[in-house]
Amino acid sequence: PPRSTLFPYTTLFRSEIVPLQKTDKVLLPGGSTPEFCRGANTLALSCGEFVAAARDYPIAFASRDGESFAPVALLGLGEGQNLFVDAKGVWDAQCYVPAFVRRYPFCLARVLVEGKPRDERIVCVEKAYVDANGLPLYDADGKATANWLGFEQLLQSYENDLELTGRMCAALAVLGLFEPFEFKIMNGDQPALTIQGMHRIDEKRFLELKPASYKALVSKGFMGRIYSHFNSLENFGRLYNRALALAAEQARLQKQKIQR
């Protein structure tokens with residue numbers, strides 16, 4: 001049967017990033033999404049987004065090596081398919097937009113000294129968005145404008161949340177809770193499409209944890225995120241229905257085009 005292998009790691013910046021200067025003027029997104037995410041079937045999530053994201057997307061965990069894991073929101077059923085962005089690049093206003101998208105075109109980069117990472121972070125921006133026609137982020141006195149303050153707060157809170165996300169995934173991995181799984185779309189009794197390359201929390205192993213492990217997960221604030229993940233897996237059905245609706249709309253438009 002046909003297979004769709006999940007590629008969970010989406011590159012945020014497809015071109016060069018440079019440190020942000022106070023004198024830079026930046027072209028800020030005006031409602032449409034950046035090009036990179038329009039063909040992304042997954043996007044990274046932080047654990048602080050689980051409750052909001054779980055209302056709209058299946059939340060799975062991605063891993064390159066089977067040892068370290070990172071949460072992602074599933075946006076499509078095939079490679080290059082984002083079912084939440086329309087032809088004009090506008091994200092569905094009824095659905096949660098991941099911080100991974102909202103922070104664009106900025107990011108925080110770790111400082112390296114002689115090849116070793118330091119605790120310091122510097123704000124970077126995609127070079128293509130630095131433009132004389134853009135908006136200033138600092139005034140003549142070097143004070144942050146309202147445009148920049150919102151982005152700065154988002155960047156810092158997101159970075160802090162990513163660190164907590166890393167600790168959560170490491171704790172779950174130590175407890176041996178991650179398991180690989182597939183999502184199958186059936187045609188009768190035969191699978192028509194299989195999405196693979198994902199991990200989830202094994203609910204059976206989770207329920208068999210010792211009380212001390214439960215207590216540790218609760219004290220670290222991870223328990224609510226775990227149940228949000230469990231609940232989000234019901235959204236695979238909604239994702240499939242969204243794909244069917246898109247296919248029907250595309251067929252309708254194609255039929256109109258032929259009739260003309």
# chains A, B, ... in the order shown; residues from 1 in each chain; ligands from 1

$ residues_around --residues "Arg238 in chain A" --least-positions-apart "5" --cutoff "10 Å" --atoms "only C-alpha atoms" --output "ChimeraX atom specification"
/A:56-58,233,243-244

$ write_last_selection --atoms "all heavy atoms" --output "mmCIF file, in the first residue's frame"
data_model
loop_
_atom_site.group_PDB
_atom_site.id
_atom_site.type_symbol
_atom_site.label_atom_id
_atom_site.label_comp_id
_atom_site.auth_asym_id
_atom_site.auth_seq_id
_atom_site.Cartn_x
_atom_site.Cartn_y
_atom_site.Cartn_z
ATOM 1 N N ASP A 56 -6.785 21.390 17.973
ATOM 2 C CA ASP A 56 -6.839 21.396 16.511
ATOM 3 C C ASP A 56 -5.972 20.339 15.832
ATOM 4 O O ASP A 56 -6.309 19.883 14.738
ATOM 5 C CB ASP A 56 -6.391 22.771 15.993
ATOM 6 C CG ASP A 56 -7.264 23.900 16.502
ATOM 7 O OD1 ASP A 56 -8.494 23.796 16.356
ATOM 8 O OD2 ASP A 56 -6.717 24.860 17.062
ATOM 9 N N TYR A 57 -4.862 19.952 16.449
ATOM 10 C CA TYR A 57 -3.880 19.105 15.770
ATOM 11 C C TYR A 57 -3.556 17.848 16.577
ATOM 12 O O TYR A 57 -3.540 17.894 17.809
ATOM 13 C CB TYR A 57 -2.561 19.861 15.554
ATOM 14 C CG TYR A 57 -2.720 21.269 15.067
ATOM 15 C CD1 TYR A 57 -2.480 22.357 15.911
ATOM 16 C CD2 TYR A 57 -3.118 21.534 13.758
ATOM 17 C CE1 TYR A 57 -2.634 23.659 15.463
ATOM 18 C CE2 TYR A 57 -3.262 22.838 13.302
ATOM 19 C CZ TYR A 57 -3.028 23.899 14.169
ATOM 20 O OH TYR A 57 -3.184 25.192 13.721
ATOM 21 N N PRO A 58 -3.243 16.752 15.890
ATOM 22 C CA PRO A 58 -2.607 15.643 16.606
ATOM 23 C C PRO A 58 -1.205 16.087 17.033
ATOM 24 O O PRO A 58 -0.475 16.706 16.254
ATOM 25 C CB PRO A 58 -2.521 14.539 15.549
ATOM 26 C CG PRO A 58 -3.448 14.949 14.448
ATOM 27 C CD PRO A 58 -3.468 16.442 14.468
ATOM 28 N N LEU A 233 -4.648 13.029 19.984
ATOM 29 C CA LEU A 233 -4.582 11.967 18.973
ATOM 30 C C LEU A 233 -5.938 11.707 18.327
ATOM 31 O O LEU A 233 -6.009 11.132 17.239
ATOM 32 C CB LEU A 233 -4.020 10.685 19.609
ATOM 33 C CG LEU A 233 -2.575 10.808 20.134
ATOM 34 C CD1 LEU A 233 -2.120 9.505 20.766
ATOM 35 C CD2 LEU A 233 -1.612 11.222 19.024
ATOM 36 N N ALA A 243 -8.612 16.830 4.944
ATOM 37 C CA ALA A 243 -7.979 16.444 3.683
ATOM 38 C C ALA A 243 -9.031 16.078 2.641
ATOM 39 O O ALA A 243 -8.904 16.436 1.459
ATOM 40 C CB ALA A 243 -7.020 15.278 3.912
ATOM 41 N N LEU A 244 -10.077 15.376 3.064
ATOM 42 C CA LEU A 244 -11.157 15.019 2.139
ATOM 43 C C LEU A 244 -11.872 16.270 1.628
ATOM 44 O O LEU A 244 -12.192 16.365 0.437
ATOM 45 C CB LEU A 244 -12.167 14.106 2.838
ATOM 46 C CG LEU A 244 -11.710 12.682 3.167
ATOM 47 C CD1 LEU A 244 -12.837 11.930 3.876
ATOM 48 C CD2 LEU A 244 -11.289 11.937 1.912
#

$ residues_around --residues "Phe100 in chain A" --least-positions-apart "6" --cutoff "9 Å" --atoms "only C-alpha atoms" --output "ChimeraX atom specification"
/A:12,43-46,158

$ select_by_dssp --residues "range 48-177 of chain A" --states "strand (DSSP E)" --output "PyMOL selection string"
chain A and resi 59-62+70-74+106-113+116-126+135-136

$ closest_residue --among "A:Ala109, A:Ser228, A:Leu217, A:Gly39" --to "Asp86 in chain A" --atoms "only C-alpha atoms"
A:Gly39

$ residues_around --residues "Leu177 in chain A" --least-positions-apart "6" --cutoff "7 Å" --atoms "only C-alpha atoms" --output "JSON, numbers by chain"
{"A": [201, 202, 205, 206]}

$ closest_atom_pairs --of "range 36-114 of chain A" --to "range 162-167 of chain A" --cutoff "12 Å" --atoms "only C-alpha atoms" --output "CSV"
residue,atom,partner,partner_atom,distance
A:Ala44,CA,A:Leu162,CA,9.9
A:Leu45,CA,A:Leu162,CA,8.3
A:Ser46,CA,A:Leu162,CA,5.4
A:Cys47,CA,A:Thr165,CA,5.2
A:Gly48,CA,A:Thr165,CA,8.0
A:Glu49,CA,A:Thr165,CA,10.1
A:Phe50,CA,A:Thr165,CA,10.4
A:Phe61,CA,A:Thr165,CA,11.4
A:Ser68,CA,A:Gly166,CA,8.8
A:Phe69,CA,A:Gly166,CA,8.1
A:Ala70,CA,A:Gly166,CA,7.3
A:Pro71,CA,A:Thr165,CA,8.2
A:Val72,CA,A:Thr165,CA,11.3
A:Ala99,CA,A:Leu162,CA,10.8
A:Phe100,CA,A:Leu162,CA,10.7
A:Leu108,CA,A:Leu162,CA,11.4

$ decode --residues "range 138-162 of chain A" --atoms "C-alpha atoms" --output "PDB file, in the first residue's frame"
ATOM      1  CA  TYR A 138      14.009  50.789  17.893  1.00  0.00           C
ATOM      2  CA  ASP A 139      13.538  54.556  17.967  1.00  0.00           C
ATOM      3  CA  ALA A 140      16.236  57.208  17.572  1.00  0.00           C
ATOM      4  CA  ASP A 141      17.101  56.917  21.264  1.00  0.00           C
ATOM      5  CA  GLY A 142      17.614  53.172  21.025  1.00  0.00           C
ATOM      6  CA  LYS A 143      14.390  52.289  22.841  1.00  0.00           C
ATOM      7  CA  ALA A 144      12.310  49.349  21.678  1.00  0.00           C
ATOM      8  CA  THR A 145       9.159  50.186  19.722  1.00  0.00           C
ATOM      9  CA  ALA A 146       5.787  48.554  20.347  1.00  0.00           C
ATOM     10  CA  ASN A 147       6.365  46.459  17.195  1.00  0.00           C
ATOM     11  CA  TRP A 148       9.481  44.920  18.688  1.00  0.00           C
ATOM     12  CA  LEU A 149       8.324  44.497  22.297  1.00  0.00           C
ATOM     13  CA  GLY A 150       5.700  41.936  21.299  1.00  0.00           C
ATOM     14  CA  PHE A 151       8.186  39.875  19.308  1.00  0.00           C
ATOM     15  CA  GLU A 152      10.824  40.139  22.032  1.00  0.00           C
ATOM     16  CA  GLN A 153       8.444  38.813  24.668  1.00  0.00           C
ATOM     17  CA  LEU A 154       7.345  35.964  22.392  1.00  0.00           C
ATOM     18  CA  LEU A 155      10.938  34.994  21.595  1.00  0.00           C
ATOM     19  CA  GLN A 156      11.995  34.899  25.230  1.00  0.00           C
ATOM     20  CA  SER A 157       8.958  33.017  26.501  1.00  0.00           C
ATOM     21  CA  TYR A 158       9.223  30.543  23.625  1.00  0.00           C
ATOM     22  CA  GLU A 159      12.920  29.971  24.286  1.00  0.00           C
ATOM     23  CA  ASN A 160      12.260  29.353  27.983  1.00  0.00           C
ATOM     24  CA  ASP A 161       9.446  26.984  27.092  1.00  0.00           C
ATOM     25  CA  LEU A 162      11.679  25.047  24.695  1.00  0.00           C
TER      26      LEU A 162
END
